[in-house]
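Peer 1: Please find data.pdb (PDB, C-alpha atoms, pLDDT in the B column) on the next line:
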```pdb
ATOM      1  CA  ASP X   1     -78.242 123.999 -15.404  1.00 88.00           C
ATOM      2  CA  THR X   2     -77.182 123.572 -11.756  1.00 93.00           C
ATOM      3  CA  LEU X   3     -78.193 127.125 -10.895  1.00 95.00           C
ATOM      4  CA  PHE X   4     -81.614 126.731 -12.564  1.00 92.00           C
ATOM      5  CA  LYS X   5     -82.400 123.574 -10.603  1.00 92.00           C
ATOM      6  CA  VAL X   6     -81.295 125.181  -7.354  1.00 96.00           C
ATOM      7  CA  PHE X   7     -83.190 128.384  -8.051  1.00 96.00           C
ATOM      8  CA  ASP X   8     -86.396 126.492  -8.887  1.00 93.00           C
ATOM      9  CA  ASN X   9     -86.225 124.805  -5.456  1.00 94.00           C
ATOM     10  CA  PHE X  10     -85.201 127.997  -3.672  1.00 96.00           C
ATOM     11  CA  ASN X  11     -87.941 129.997  -5.395  1.00 95.00           C
ATOM     12  CA  ASN X  12     -90.613 127.582  -4.110  1.00 93.00           C
ATOM     13  CA  GLU X  13     -89.863 128.860  -0.610  1.00 94.00           C
ATOM     14  CA  TYR X  14     -88.628 132.381  -1.391  1.00 95.00           C
ATOM     15  CA  LYS X  15     -91.028 133.624  -4.050  1.00 94.00           C
ATOM     16  CA  ASP X  16     -89.859 137.262  -3.955  1.00 95.00           C
ATOM     17  CA  TYR X  17     -86.489 136.411  -5.508  1.00 96.00           C
ATOM     18  CA  LYS X  18     -85.767 136.653  -9.217  1.00 96.00           C
ATOM     19  CA  LEU X  19     -82.865 135.108 -11.137  1.00 97.00           C
ATOM     20  CA  ILE X  20     -81.397 137.388 -13.794  1.00 96.00           C
ATOM     21  CA  ILE X  21     -79.070 135.796 -16.335  1.00 94.00           C
ATOM     22  CA  LEU X  22     -76.641 138.246 -17.953  1.00 94.00           C
ATOM     23  CA  GLY X  23     -74.738 137.555 -21.149  1.00 89.00           C
ATOM     24  CA  ASP X  24     -75.078 135.433 -24.222  1.00 87.00           C
ATOM     25  CA  GLY X  25     -73.457 132.296 -25.502  1.00 85.00           C
ATOM     26  CA  GLU X  26     -73.866 128.997 -27.241  1.00 85.00           C
ATOM     27  CA  GLU X  27     -75.698 127.476 -24.253  1.00 82.00           C
ATOM     28  CA  LYS X  28     -78.351 130.220 -23.932  1.00 82.00           C
ATOM     29  CA  GLU X  29     -81.072 128.543 -25.992  1.00 83.00           C
ATOM     30  CA  LYS X  30     -80.531 125.184 -24.291  1.00 84.00           C
ATOM     31  CA  LEU X  31     -80.660 126.844 -20.859  1.00 83.00           C
ATOM     32  CA  GLN X  32     -83.837 128.742 -21.687  1.00 83.00           C
ATOM     33  CA  HIS X  33     -85.548 125.414 -22.328  1.00 83.00           C
ATOM     34  CA  LEU X  34     -84.459 123.957 -18.967  1.00 81.00           C
ATOM     35  CA  THR X  35     -86.869 125.967 -16.850  1.00 82.00           C
ATOM     36  CA  MET X  36     -90.392 127.298 -17.046  1.00 82.00           C
ATOM     37  CA  ASN X  37     -89.872 129.459 -13.941  1.00 85.00           C
ATOM     38  CA  LYS X  38     -91.344 132.895 -14.631  1.00 90.00           C
ATOM     39  CA  ASN X  39     -88.926 134.391 -12.079  1.00 94.00           C
ATOM     40  CA  ILE X  40     -85.957 133.709 -14.363  1.00 93.00           C
ATOM     41  CA  GLU X  41     -85.094 136.463 -16.827  1.00 93.00           C
ATOM     42  CA  PHE X  42     -82.549 136.192 -19.639  1.00 92.00           C
ATOM     43  CA  CYS X  43     -81.107 139.623 -20.471  1.00 93.00           C
ATOM     44  CA  GLY X  44     -78.578 138.605 -23.111  1.00 90.00           C
ATOM     45  CA  ASN X  45     -75.755 141.016 -23.903  1.00 93.00           C
ATOM     46  CA  ILE X  46     -76.395 144.368 -22.276  1.00 94.00           C
ATOM     47  CA  SER X  47     -74.481 147.609 -21.809  1.00 94.00           C
ATOM     48  CA  PHE X  48     -71.951 148.072 -19.020  1.00 91.00           C
ATOM     49  CA  GLU X  49     -74.250 150.699 -17.537  1.00 95.00           C
ATOM     50  CA  LYS X  50     -77.136 148.238 -17.312  1.00 96.00           C
ATOM     51  CA  VAL X  51     -74.849 145.565 -15.820  1.00 95.00           C
ATOM     52  CA  ALA X  52     -73.750 148.063 -13.158  1.00 94.00           C
ATOM     53  CA  ARG X  53     -77.373 148.976 -12.407  1.00 96.00           C
ATOM     54  CA  ILE X  54     -78.377 145.308 -12.083  1.00 97.00           C
ATOM     55  CA  PHE X  55     -75.402 144.566  -9.810  1.00 97.00           C
ATOM     56  CA  ASN X  56     -76.216 147.581  -7.628  1.00 95.00           C
ATOM     57  CA  GLU X  57     -79.844 146.445  -7.313  1.00 96.00           C
ATOM     58  CA  SER X  58     -79.021 142.772  -6.676  1.00 97.00           C
ATOM     59  CA  GLU X  59     -78.470 141.026  -3.379  1.00 96.00           C
ATOM     60  CA  ILE X  60     -76.725 137.814  -4.465  1.00 97.00           C
ATOM     61  CA  PHE X  61     -74.447 136.987  -7.396  1.00 98.00           C
ATOM     62  CA  VAL X  62     -73.691 133.378  -8.349  1.00 98.00           C
ATOM     63  CA  LEU X  63     -70.980 132.356 -10.822  1.00 97.00           C
ATOM     64  CA  PRO X  64     -71.634 128.631 -11.412  1.00 95.00           C
ATOM     65  CA  THR X  65     -68.816 127.903 -13.869  1.00 93.00           C
ATOM     66  CA  LYS X  66     -68.266 124.162 -14.335  1.00 93.00           C
ATOM     67  CA  THR X  67     -64.674 124.014 -15.595  1.00 92.00           C
ATOM     68  CA  MET X  68     -62.611 127.163 -15.142  1.00 93.00           C
ATOM     69  CA  GLU X  69     -62.898 130.919 -15.273  1.00 91.00           C
ATOM     70  CA  GLY X  70     -59.743 132.642 -16.552  1.00 88.00           C
ATOM     71  CA  HIS X  71     -60.163 135.991 -14.852  1.00 88.00           C
ATOM     72  CA  PRO X  72     -63.664 136.253 -13.361  1.00 95.00           C
ATOM     73  CA  LYS X  73     -64.201 139.937 -14.027  1.00 93.00           C
ATOM     74  CA  ALA X  74     -67.977 139.658 -13.474  1.00 94.00           C
ATOM     75  CA  LEU X  75     -67.330 138.147 -10.026  1.00 97.00           C
ATOM     76  CA  ILE X  76     -65.016 141.011  -9.083  1.00 96.00           C
ATOM     77  CA  GLU X  77     -67.463 143.614 -10.420  1.00 95.00           C
ATOM     78  CA  ALA X  78     -70.319 142.043  -8.445  1.00 97.00           C
ATOM     79  CA  MET X  79     -68.166 142.004  -5.300  1.00 96.00           C
ATOM     80  CA  ALA X  80     -67.239 145.660  -5.769  1.00 95.00           C
ATOM     81  CA  SER X  81     -70.942 146.490  -6.191  1.00 95.00           C
ATOM     82  CA  GLY X  82     -71.756 144.940  -2.833  1.00 95.00           C
ATOM     83  CA  CYS X  83     -73.417 141.734  -4.042  1.00 97.00           C
ATOM     84  CA  LYS X  84     -73.126 138.666  -1.849  1.00 97.00           C
ATOM     85  CA  CYS X  85     -70.933 136.523  -4.114  1.00 98.00           C
ATOM     86  CA  ILE X  86     -71.018 132.747  -4.367  1.00 98.00           C
ATOM     87  CA  ALA X  87     -68.967 130.886  -6.987  1.00 98.00           C
ATOM     88  CA  SER X  88     -68.044 127.408  -8.079  1.00 98.00           C
ATOM     89  CA  ASN X  89     -64.747 126.030  -6.825  1.00 98.00           C
ATOM     90  CA  VAL X  90     -62.838 126.195 -10.121  1.00 97.00           C
ATOM     91  CA  PRO X  91     -59.606 127.988 -11.069  1.00 97.00           C
ATOM     92  CA  GLY X  92     -60.182 131.700 -11.360  1.00 96.00           C
ATOM     93  CA  ASN X  93     -63.238 131.833  -9.118  1.00 97.00           C
ATOM     94  CA  LYS X  94     -61.387 130.009  -6.354  1.00 97.00           C
ATOM     95  CA  ASP X  95     -58.381 132.309  -6.599  1.00 96.00           C
ATOM     96  CA  VAL X  96     -60.478 135.458  -6.240  1.00 96.00           C
ATOM     97  CA  LEU X  97     -62.586 134.202  -3.335  1.00 97.00           C
ATOM     98  CA  ILE X  98     -59.559 132.806  -1.495  1.00 96.00           C
ATOM     99  CA  ASP X  99     -57.755 136.146  -1.931  1.00 95.00           C
ATOM    100  CA  ALA X 100     -60.904 137.861  -0.612  1.00 96.00           C
ATOM    101  CA  LYS X 101     -60.845 135.503   2.401  1.00 95.00           C
ATOM    102  CA  SER X 102     -64.259 134.173   1.338  1.00 96.00           C
ATOM    103  CA  SER X 103     -63.526 130.545   0.468  1.00 96.00           C
ATOM    104  CA  GLU X 104     -66.562 129.466   2.514  1.00 97.00           C
ATOM    105  CA  TRP X 105     -68.682 130.808  -0.373  1.00 97.00           C
ATOM    106  CA  LEU X 106     -67.260 128.333  -2.894  1.00 98.00           C
ATOM    107  CA  PHE X 107     -69.273 125.276  -3.936  1.00 98.00           C
ATOM    108  CA  GLU X 108     -68.235 122.266  -5.954  1.00 97.00           C
ATOM    109  CA  PRO X 109     -69.414 122.481  -9.580  1.00 96.00           C
ATOM    110  CA  SER X 110     -72.745 120.686 -10.057  1.00 92.00           C
ATOM    111  CA  ASP X 111     -73.251 120.288  -6.275  1.00 97.00           C
ATOM    112  CA  GLU X 112     -76.858 121.463  -6.134  1.00 97.00           C
ATOM    113  CA  ASN X 113     -77.239 120.750  -2.416  1.00 98.00           C
ATOM    114  CA  MET X 114     -74.220 122.844  -1.431  1.00 98.00           C
ATOM    115  CA  LEU X 115     -75.217 125.737  -3.697  1.00 98.00           C
ATOM    116  CA  TYR X 116     -78.753 125.691  -2.272  1.00 98.00           C
ATOM    117  CA  LYS X 117     -77.391 125.843   1.293  1.00 97.00           C
ATOM    118  CA  LEU X 118     -75.045 128.729   0.411  1.00 98.00           C
ATOM    119  CA  ILE X 119     -77.815 130.760  -1.207  1.00 97.00           C
ATOM    120  CA  LYS X 120     -80.085 130.220   1.788  1.00 96.00           C
ATOM    121  CA  LYS X 121     -77.246 131.177   4.133  1.00 96.00           C
ATOM    122  CA  ALA X 122     -76.417 134.263   2.043  1.00 97.00           C
ATOM    123  CA  ILE X 123     -79.873 135.779   2.461  1.00 95.00           C
ATOM    124  CA  THR X 124     -79.313 135.974   6.222  1.00 92.00           C
ATOM    125  CA  GLU X 125     -75.648 137.039   6.175  1.00 89.00           C
ATOM    126  CA  GLU X 126     -74.422 140.613   5.873  1.00 82.00           C
ATOM    127  CA  VAL X 127     -71.056 141.057   7.569  1.00 82.00           C
ATOM    128  CA  ALA X 128     -69.423 138.067   5.871  1.00 82.00           C
ATOM    129  CA  PHE X 129     -69.803 139.715   2.476  1.00 92.00           C
ATOM    130  CA  LYS X 130     -68.537 143.171   3.372  1.00 92.00           C
ATOM    131  CA  LYS X 131     -64.968 141.856   3.158  1.00 93.00           C
ATOM    132  CA  GLN X 132     -65.615 140.805  -0.449  1.00 96.00           C
ATOM    133  CA  GLN X 133     -66.673 144.320  -1.358  1.00 95.00           C
ATOM    134  CA  ILE X 134     -63.722 145.918   0.424  1.00 94.00           C
ATOM    135  CA  PHE X 135     -61.304 143.444  -1.208  1.00 95.00           C
ATOM    136  CA  ALA X 136     -62.619 144.111  -4.726  1.00 95.00           C
ATOM    137  CA  GLN X 137     -62.608 147.866  -4.265  1.00 93.00           C
ATOM    138  CA  ASN X 138     -59.120 147.874  -2.735  1.00 92.00           C
ATOM    139  CA  GLU X 139     -57.472 145.402  -5.119  1.00 90.00           C
ATOM    140  CA  TYR X 140     -59.233 146.094  -8.411  1.00 87.00           C
ATOM    141  CA  SER X 141     -60.011 149.806  -8.527  1.00 83.00           C
ATOM    142  CA  ALA X 142     -58.966 151.537 -11.741  1.00 79.00           C
ATOM    143  CA  ASP X 143     -56.210 153.480  -9.954  1.00 83.00           C
ATOM    144  CA  ILE X 144     -54.718 150.369  -8.375  1.00 77.00           C
ATOM    145  CA  LEU X 145     -54.851 148.376 -11.610  1.00 73.00           C
ATOM    146  CA  PHE X 146     -53.283 151.255 -13.514  1.00 78.00           C
ATOM    147  CA  ASP X 147     -50.472 151.510 -10.943  1.00 81.00           C
ATOM    148  CA  LYS X 148     -49.838 147.748 -11.117  1.00 77.00           C
ATOM    149  CA  GLU X 149     -49.759 147.808 -14.920  1.00 79.00           C
ATOM    150  CA  LEU X 150     -47.459 150.843 -14.939  1.00 83.00           C
ATOM    151  CA  SER X 151     -45.121 149.088 -12.522  1.00 84.00           C
ATOM    152  CA  ILE X 152     -44.999 146.014 -14.773  1.00 84.00           C
ATOM    153  CA  LEU X 153     -44.313 148.133 -17.847  1.00 85.00           C
ATOM    154  CA  LYS X 154     -41.536 150.041 -16.093  1.00 85.00           C
ATOM    155  CA  LYS X 155     -39.942 146.793 -15.019  1.00 84.00           C
ATOM    156  CA  GLN X 156     -40.146 145.454 -18.575  1.00 83.00           C
ATOM    157  CA  LEU X 157     -38.519 148.589 -19.966  1.00 86.00           C
ATOM    158  CA  LYS X 158     -35.620 148.252 -17.534  1.00 83.00           C
ATOM    159  CA  ASP X 159     -35.030 144.625 -18.512  1.00 70.00           C
TER
END
```
As structure tokens, how would this structure be written, given the file I've shared?
Peer 2:
Amino acid sequence: DTLFKVFDNFNNEYKDYKLIILGDGEEKEKLQHLTMNKNIEFCGNISFEKVARIFNESEIFVLPTKTMEGHPKALIEAMASGCKCIASNVPGNKDVLIDAKSSEWLFEPSDENMLYKLIKKAITEEVAFKKQQIFAQNEYSADILFDKELSILKKQLKD
């Protein structure tokens, strides 16, 4: 609900932007009723290919989790795709953005004013987000993850 309120305000000034909501869940129907903004699209569950296409075509990605995000895979995927990533300051999100040296793009959950300011700032920033993309590609590529997992398995077998 925080993101919808912020986007409604943002979209009054920046009418060319569209908010695309990916995924499904128990809150979807409730969230759909929160806004009448025609620039908000609910995609539901979609294929990985379509997610990748949307990320590659998008400028900004916001993960507005209110409590915690175990392992924010969508955040990492958006970073690797070159999206300007903003996330709520909760466990999981915070860990990834701190590791990416991007903690300035964290906002407190439900802080509409801070999220609005970050989105407005993001549309003018370019260089600040390049480090997110480089971090995600360097730390989470398939080869690197495979090597890390193999190393863990080898260690387990020795013990």
Peer 1: Any chance you could resolve the PyMOL selection byres ((chain X and resi 118) around 12) against this file and give the residues as a ChimeraX atom specification?
Peer 2: /X:3,6-7,10,60-62,84-88,103-108,111-117,119-125
Peer 1: Can you measure CA of Ala136 in chain X to CA of Gly23 in chain X for me? One decimal in Å is fine.
Peer 2: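 Rounded to one decimal, the two atoms are 21.4 Å apart.
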Peer 1: I'd like to know which of X:Lys158, X:Asn56, X:Met79, X:Glu126 is closest to Glu139 in chain X, using only C-alpha atoms.
Peer 2: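 Counting only C-alpha atoms, the residue closest to Glu139 in chain X is X:Met79.
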Peer 1: Which residues are near Leu22 in chain X? Cut-off 9 Å, all atoms listed in the file, ignore same chain within fewer than 6 positions. Put them as a list in words.
Peer 2: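 That gives Glu41, Phe42, Cys43, Gly44, Asn45, Ile46 and Val51 of chain X.
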Peer 1: Using only C-alpha atoms, which residue out of X:Thr65, X:Ser58, X:Thr35, X:Ser47 lies closest to Ile20 in chain X?
Peer 2: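 Of X:Thr65, X:Ser58, X:Thr35, X:Ser47, the one nearest Ile20 in chain X, counting only C-alpha atoms, is X:Ser58.
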Peer 1: Report as AutoDock Vina command-line options the centre and the edge lengths, in Å to one decimal, of the axis-aligned box holding every listed atom of range 26-45 of chain X, padded by 3 Å on each side.
Peer 2:
```
--center_x -82.6 --center_y 132.5 --center_z -19.7 --size_x 23.5 --size_y 23.1 --size_z 21.2
```
Peer 1: Which is closest to Asn93 in chain X among X:Leu63, X:Leu150, X:Ile144, X:Ala128, if we use all atoms listed in the file?
Peer 2: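 So, comparing all the options, the nearest one is X:Leu63.
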Peer 1: In terms of the shortest atom-to-atom distance over all atoms listed in the file, which of X:Leu75, X:Val90, X:Gln132, X:Asn11 is closest to Ser102 in chain X?
Peer 2: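 Checking each candidate against Ser102 in chain X, we get X:Gln132 as the closest.
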Peer 1: If the PyMOL selection byres ((chain X and resi 34) around 12) were run on this exact file, what residues would it hold? Put them as a tab-separated table (two decimals) with C-alpha atoms, in the frame of the given file.
Peer 2:
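Full text of expr-v3.tsv as output:
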```tsv
chain	number	residue	atom	x	y	z
X	1	ASP	CA	-78.24	124.00	-15.40
X	2	THR	CA	-77.18	123.57	-11.76
X	3	LEU	CA	-78.19	127.12	-10.90
X	4	PHE	CA	-81.61	126.73	-12.56
X	5	LYS	CA	-82.40	123.57	-10.60
X	7	PHE	CA	-83.19	128.38	-8.05
X	8	ASP	CA	-86.40	126.49	-8.89
X	27	GLU	CA	-75.70	127.48	-24.25
X	28	LYS	CA	-78.35	130.22	-23.93
X	29	GLU	CA	-81.07	128.54	-25.99
X	30	LYS	CA	-80.53	125.18	-24.29
X	31	LEU	CA	-80.66	126.84	-20.86
X	32	GLN	CA	-83.84	128.74	-21.69
X	33	HIS	CA	-85.55	125.41	-22.33
X	35	THR	CA	-86.87	125.97	-16.85
X	36	MET	CA	-90.39	127.30	-17.05
X	37	ASN	CA	-89.87	129.46	-13.94
X	40	ILE	CA	-85.96	133.71	-14.36
```
Peer 1: Which distance in Å separates CA of Thr67 in chain X and CA of Lys131 in chain X, to one decimal?
Peer 2: 25.9 Å
Peer 1: Give the answer as one residue: which of X:Ala52, X:Leu145, X:Ile98, X:Val127 has the shortest atom-to-atom distance to Ser81 in chain X, using all atoms listed in the file?
Peer 2: X:Ala52
Peer 1: Between X:Glu77, X:Val96, X:Asp147, X:Lys101, which one has atoms that come closest to Phe55 in chain X, using only C-alpha atoms?
Peer 2: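 Comparing X:Glu77, X:Val96, X:Asp147, X:Lys101 against Phe55 in chain X, the winner is X:Glu77.
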Peer 1: Evaluate the PyMOL selection byres ((chain X and resi 92) around 6) here and jot the selected residues down as a PyMOL selection string.
Peer 2: chain X and resi 69-71+91+93-95
Peer 1: Could the residues in this selection be saved with C-alpha atoms as an mmCIF file, in the coordinates of the input?
Peer 2:
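Result file is out21.cif:
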```cif
data_model
loop_
_atom_site.group_PDB
_atom_site.id
_atom_site.type_symbol
_atom_site.label_atom_id
_atom_site.label_comp_id
_atom_site.auth_asym_id
_atom_site.auth_seq_id
_atom_site.Cartn_x
_atom_site.Cartn_y
_atom_site.Cartn_z
ATOM 1 C CA GLU X 69 -62.898 130.919 -15.273
ATOM 2 C CA GLY X 70 -59.743 132.642 -16.552
ATOM 3 C CA HIS X 71 -60.163 135.991 -14.852
ATOM 4 C CA PRO X 91 -59.606 127.988 -11.069
ATOM 5 C CA ASN X 93 -63.238 131.833 -9.118
ATOM 6 C CA LYS X 94 -61.387 130.009 -6.354
ATOM 7 C CA ASP X 95 -58.381 132.309 -6.599
#
```
Peer 1: Could you state the separation of CA of Asp99 in chain X and CA of Ile21 in chain X in Å, given to one decimal place?
Peer 2: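 Separation of CA of Asp99 in chain X and CA of Ile21 in chain X: 25.7 Å.
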